[in-house]
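What follows is a set of notes on a single structure, which appears directly below.
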Amino acid sequence: MNVLLFLVPLALLLGALGLAAFVWSLNAGQYEDLEGAAARALADDDVEDARA
Amino acid sequence: MTMDVDFSALATRDRNGALRVELALDGMTCAACIFEIEAALKAVPDLVAARVNYADRRLSLEWTAPTFDFAAVSERLRRMGYRARPFERESGESAEREIARRLLRCLAVAGFATVNVMMLSEAVWLGGDMDEATRDFFHGVSALIALPATAFAGQPFFASAFAALRARRLNIDVPISLGVLLSLAMSVYETLTHAPHAYFDSATMLLAFLLLARYLDCAMRRKTRAVAANLAALRAPAACRIAADGAQNYVPLAALAPGDRVLTRPGERIPADGVILSGEASLDESLVTGETRRRCVSAGDTVYAGALNFDGALTMRVQAAAGDSLIDEIERLVEKATAARSRYLRLADRVSRLYAPLVHLAALSALLSWLAAGASLHDALVTAIAMLIVTCPCALALAVPAVQVAASGALFRAGVLLNSDDALERLAEIDTVVFDKTGTLTTPEPRIVNAQEIEPTLLELAARLAHSSRHPLARAVACEYPYAAAIEGAREEQGAGVVAMVDGVEASLGDARFCGVERDCAALAARGDASVIAFRHGERTAALIVRQSLRYDARETIEALADRGLRVIILSGDRVEPVEAAARALGVAEWRGAMKPADKVARLEALRAQGRKVLMIGDGINDAPALAAAHVSLSPIDAAEIAQAAADAVFLGEGLAPIVTTIDAARRARALMRQNLALSLLYNMIAAPLAIAGLLTPLIAAIAMSSSSLIVTLNALRAGRRRSDEPGALARKDHMHHIAVEKESPA
């Protein structure tokens with residue numbers, strides 16, 4: 001029983017961290033262009049930089 | 001054809017002092033375009049940032065230096081095959097974006113709370129041998145999660161319910177708010193008194209479900225708006241303004257002010273209302289008045305925005321609205337019609353007006369009858385509140401928006417952009433369809449009508465030559481082979497025609513004298529409003545007849561509408577003879593010509609007085625008041641701006657098939673909405689007696705609530721399914737791209 005007293009708040013804290021991360025990414029505009037974001041992950045712009 | 005448009009008027013300055021402008025992009029076909037565009041723009045001097053939004057097909061540019069040269073950007077894009085046009089973000093669009101973000105934030109919080117509270121609740125439900133202390137601990141933690149989460153995520157509902165109550169009305173948010181608040185209050189009380197049942201999970205789950213539906217509804221609307229705004233920006237012509245020193249400069253229409261001098265060339269549309277200073281031309285004013293006969297204008301004449309300059313260069317002075325022009329009259333009529341349109345009471349609101357008092361009365365009578373039966377006040381109250389929780393209209397509130405999202409998504413893919421929220425419900429009710437003729441039943445621009453009689457290779461050659469000219473008649477020829485390559489080295493003689501060497505032989509396209517085939521064309525030229533273009537390649541000649549013709553599927557569409565039991569009427573501003581000819585060709589018995597905008601409104605009023613629900617379809621400036629006055633209205637994408645603004649939906653494509661698709665989709669959507677409402681009422685009819693009998697535990701409430709919401713949502717998804725026999729297969733998404741290319745503004 002006593003173990004619940006800190007495990008439950010700990011679990012909630014982890015969940016709240018996830019929620020905070022989501023709200024942050026929402027405010028940072030990461031959900032403005034979902035189709036583009038999917039494609040940008042595949043961009044090999046870093047490869048070009050290495051060659052240059 | 002480089003266009004040096006001065007976009008500084010549309011740039012906005014952000015907090016750091018950087019200038020920003022947003023462009024609608026045309027020509028993006030795949031995600032690789034993102035990298036191509038961004039990489040190419042990296043090399044533009046003074047440009048701080050260029051970022052493509054692929055979902056919205058937009059490009060935003062940011063710069064600080066005053067030396068930044070916009071032309072360098074548009075030139076680079078043009079060379080890569082993209083077309084970019086800046087647009088003013090409508091204030092409505094950014095407000096919508098803010099609302100969508102807020103809903104998503106609320107949804108995230110409600111979702112977080114639901115998942116965690118549900119985890120704790122399940123432990124209580126399933127942990128049969130749980131001791132009381134643990135249960136109270138779990139309930140306490142649930143309260144600590146649910147209370148702040150509801151205070152945050154419930155705001156959209158509480159605010160709307162509060163506003164409705166203050167206006168002494170009931171809307172769906174009143175029973176929702178009441179249910180949520182009561183279940184929380186009772187759960188807190190039960191937790192404090194160490195009772196076994198708490199309903200924190202029901203309250204948060206309800207909010208999560210409803211927020212999801214509202215967010216999806218909002219996101220769908222935002223997407224539709226964004227596409228409509230892009231199309232508008234790509235179509236918006238730039239005006240050629242003449243500065244005091246005589247320099248010519250293309251500016252967006254928004255930058256024009258009264259007193260500016262503007263030059264209009266053949267093939268361009270008049271950008272604003274004004275008076276001609278010099279030059280002569282004949283104008284095609286069909287977009288303004290519906291009249292197909294061209295009007296000759298010269299210095300001193302008044303011209304209206306939207307008229308197509310056919311054959312001369314005009315210099316005009318922009319005039320402010322003086323209060324007595326045609327446009328002022330139209331605007332007054334639109335305003336009057338909009339004000340007269342009674343506020344439409346939506347299906348869900350009608351149901352909730354009945355539902356809310358009914359449920360509240362039932363809860364009250366449950367309370368009283370348990371008291372009368374000798375129960376304690378606490379038990380009687382718990383029963384009444386449980387009744388209110390379980391009848392909290394979750395499924396009822398989802399029933400309509402879920403269908404709305406699925407149906408408007410399907411229509412969006414079929415090329416119909418809905419402007420107003422309740423358009424679908426109103427569309428489902430119509431029994432009469434009123435068409436405008438010019439530009440709606442007929443093509444917005446003249447077309448070749450005798451293409452079948454001409455040898456295809458010759459016609460293709462003529463079309464290639466026509467691609468070098470901006471003249472409206474040449475554009476009609478070019479339309480026959482829209483993707484043919486233009487002939488290199490073509491030379492245009494103003495007002496006469498185009499000439500080029502093809503395979504060592506001279507090819508010419510233009511008026512009969514220019515091509516030396518007067519005799520062949522003389523007979524054809526006598527035929528009414530049609531224009532004749534001659535084409536000659538060596539010894540081979542052709543006479544092309546160009547006129548506004550009926551849209552290719554106009555007849556089938558009218559037949560399909562008649563099959564659905566709809567009464568079809570044509571009301572046109574054009575002269576009586578062409579209207580009669582069109583009506584006869586289409587088999588429409590009821591028609592009227594030579595109607596002024598006010599006459600159309602009066603006719604619609606008369607139909608309304610007979611109890612008819614009218615769908616008005618029109619494109620011209622003169623149709624705008626009628627579009628605003630009708631029960632519901634549609635406009636083609638090439639319609640005048642004021643007409644599109646007055647219409648409830650805009651359809652894309654060359655044909656009229658989307659009209660039938662829209663009506664079918666609306667009728668199907670209404671049937672599904674009714675089914676959904678019936679399903680959710682059925683659920684309440686089962687759950688409410690259980691609650692009144694005192695048999696309802698939080699577990700049963702949670703299962704009943706989520707399953708009814710899921711059933712309603714799944715049923716709604718059927719609105720998005722496409723039937724294989726639908727005519728809408730003709731108008732698909734690729735039209736958006738296609739149209740944007742074809743309607744390229746003449747500049």
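Note on naming: chains are A, B, ... as they come in the structure tokens, residues start from 1 per chain, ligands start from 1 in the order shown.
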
Listing only residues of chain B within 8 Å of chain A, what is the closest atom pair and its distance in Å (to one decimal) for each, using only C-alpha atoms, sorted by chain and residue number ascending, as a Markdown table?
| residue | atom | partner | partner_atom | distance |
| --- | --- | --- | --- | --- |
| B:Ala31 | CA | A:Ala39 | CA | 5.9 |
| B:Ala32 | CA | A:Ala39 | CA | 7.8 |
| B:Ile34 | CA | A:Gly36 | CA | 7.7 |
| B:Phe35 | CA | A:Ala43 | CA | 7.5 |
| B:Val52 | CA | A:Gly36 | CA | 8.0 |
| B:Asn53 | CA | A:Asp33 | CA | 5.6 |
| B:Tyr54 | CA | A:Gly36 | CA | 4.8 |
| B:Ala55 | CA | A:Glu35 | CA | 5.3 |
| B:Asp56 | CA | A:Asp33 | CA | 7.3 |
| B:Arg101 | CA | A:Leu26 | CA | 7.5 |
| B:Arg105 | CA | A:Val23 | CA | 6.4 |
| B:Ala108 | CA | A:Leu19 | CA | 6.9 |
| B:Val109 | CA | A:Leu19 | CA | 7.2 |
| B:Phe112 | CA | A:Leu19 | CA | 7.0 |
| B:Asn116 | CA | A:Leu12 | CA | 7.4 |
| B:Thr134 | CA | A:Met1 | CA | 7.4 |

Okay, now the selection with C-alpha atoms, as a short mmCIF file (atom, residue, chain, number, x, y, z; two decimals), in the first residue's frame?
data_model
loop_
_atom_site.label_atom_id
_atom_site.label_comp_id
_atom_site.auth_asym_id
_atom_site.auth_seq_id
_atom_site.Cartn_x
_atom_site.Cartn_y
_atom_site.Cartn_z
CA ALA B 31 6.95 16.59 -51.13
CA ALA B 32 10.26 16.89 -52.98
CA ILE B 34 9.59 21.53 -50.56
CA PHE B 35 13.33 20.96 -50.70
CA VAL B 52 7.09 25.95 -47.32
CA ASN B 53 3.90 24.75 -45.67
CA TYR B 54 3.13 21.70 -47.74
CA ALA B 55 -0.29 20.91 -46.26
CA ASP B 56 -1.61 24.39 -47.04
CA ARG B 101 -5.13 25.40 -31.27
CA ARG B 105 -4.81 22.11 -26.02
CA ALA B 108 -4.75 17.15 -24.73
CA VAL B 109 -5.54 18.04 -21.13
CA PHE B 112 -4.50 13.11 -20.19
CA ASN B 116 -5.16 8.58 -15.78
CA THR B 134 -6.81 2.62 -0.89
#

If you run DSSP on the backbone, which residues of segment 89-303 of chain B are helix (DSSP H, G or I), as a VMD selection string? chain B and resid 91 to 126 132 to 153 155 to 166 173 to 192 200 to 235 253 to 255 286 to 289

Would you list the contacts of Ala542 of chain B as a PDB file with C-alpha atoms, in the first residue's frame, taking every protein, DNA or RNA residue within 8 Å and counting only C-alpha atoms, but skipping same-chain residues closer than 3 positions in sequence?
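Below is the file selection_9.pdb, written as the result:
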ATOM      1  CA  ILE B 454     -12.026  20.936 -87.918  1.00  0.00           C
ATOM      2  CA  LEU B 458      -4.843  21.868 -87.880  1.00  0.00           C
ATOM      3  CA  ALA B 534      -9.588  32.467 -88.925  1.00  0.00           C
ATOM      4  CA  PHE B 535      -6.547  30.196 -89.117  1.00  0.00           C
ATOM      5  CA  ARG B 536      -4.304  29.645 -92.082  1.00  0.00           C
TER       6      ARG B 536
END

Extract, using only C-alpha atoms, all DNA, RNA and protein residues at most 12 Å from segment 578-595 of chain B, discarding same-chain residues fewer than 4 positions from it, and format them as a PyMOL selection string. chain B and resi 289-293+432-438+440-442+528-530+547-562+566-574+599-603+622-623+626

Two-atom distance - atom CA of Leu699 of chain B, atom CA of Asp201 of chain B (Å): 9.3 Å

Can you tell me, as a ChimeraX atom specification, which residues in segment 581-728 of chain B count as strand (DSSP E) by DSSP? /B:590-592,614-617,632-636,649-651
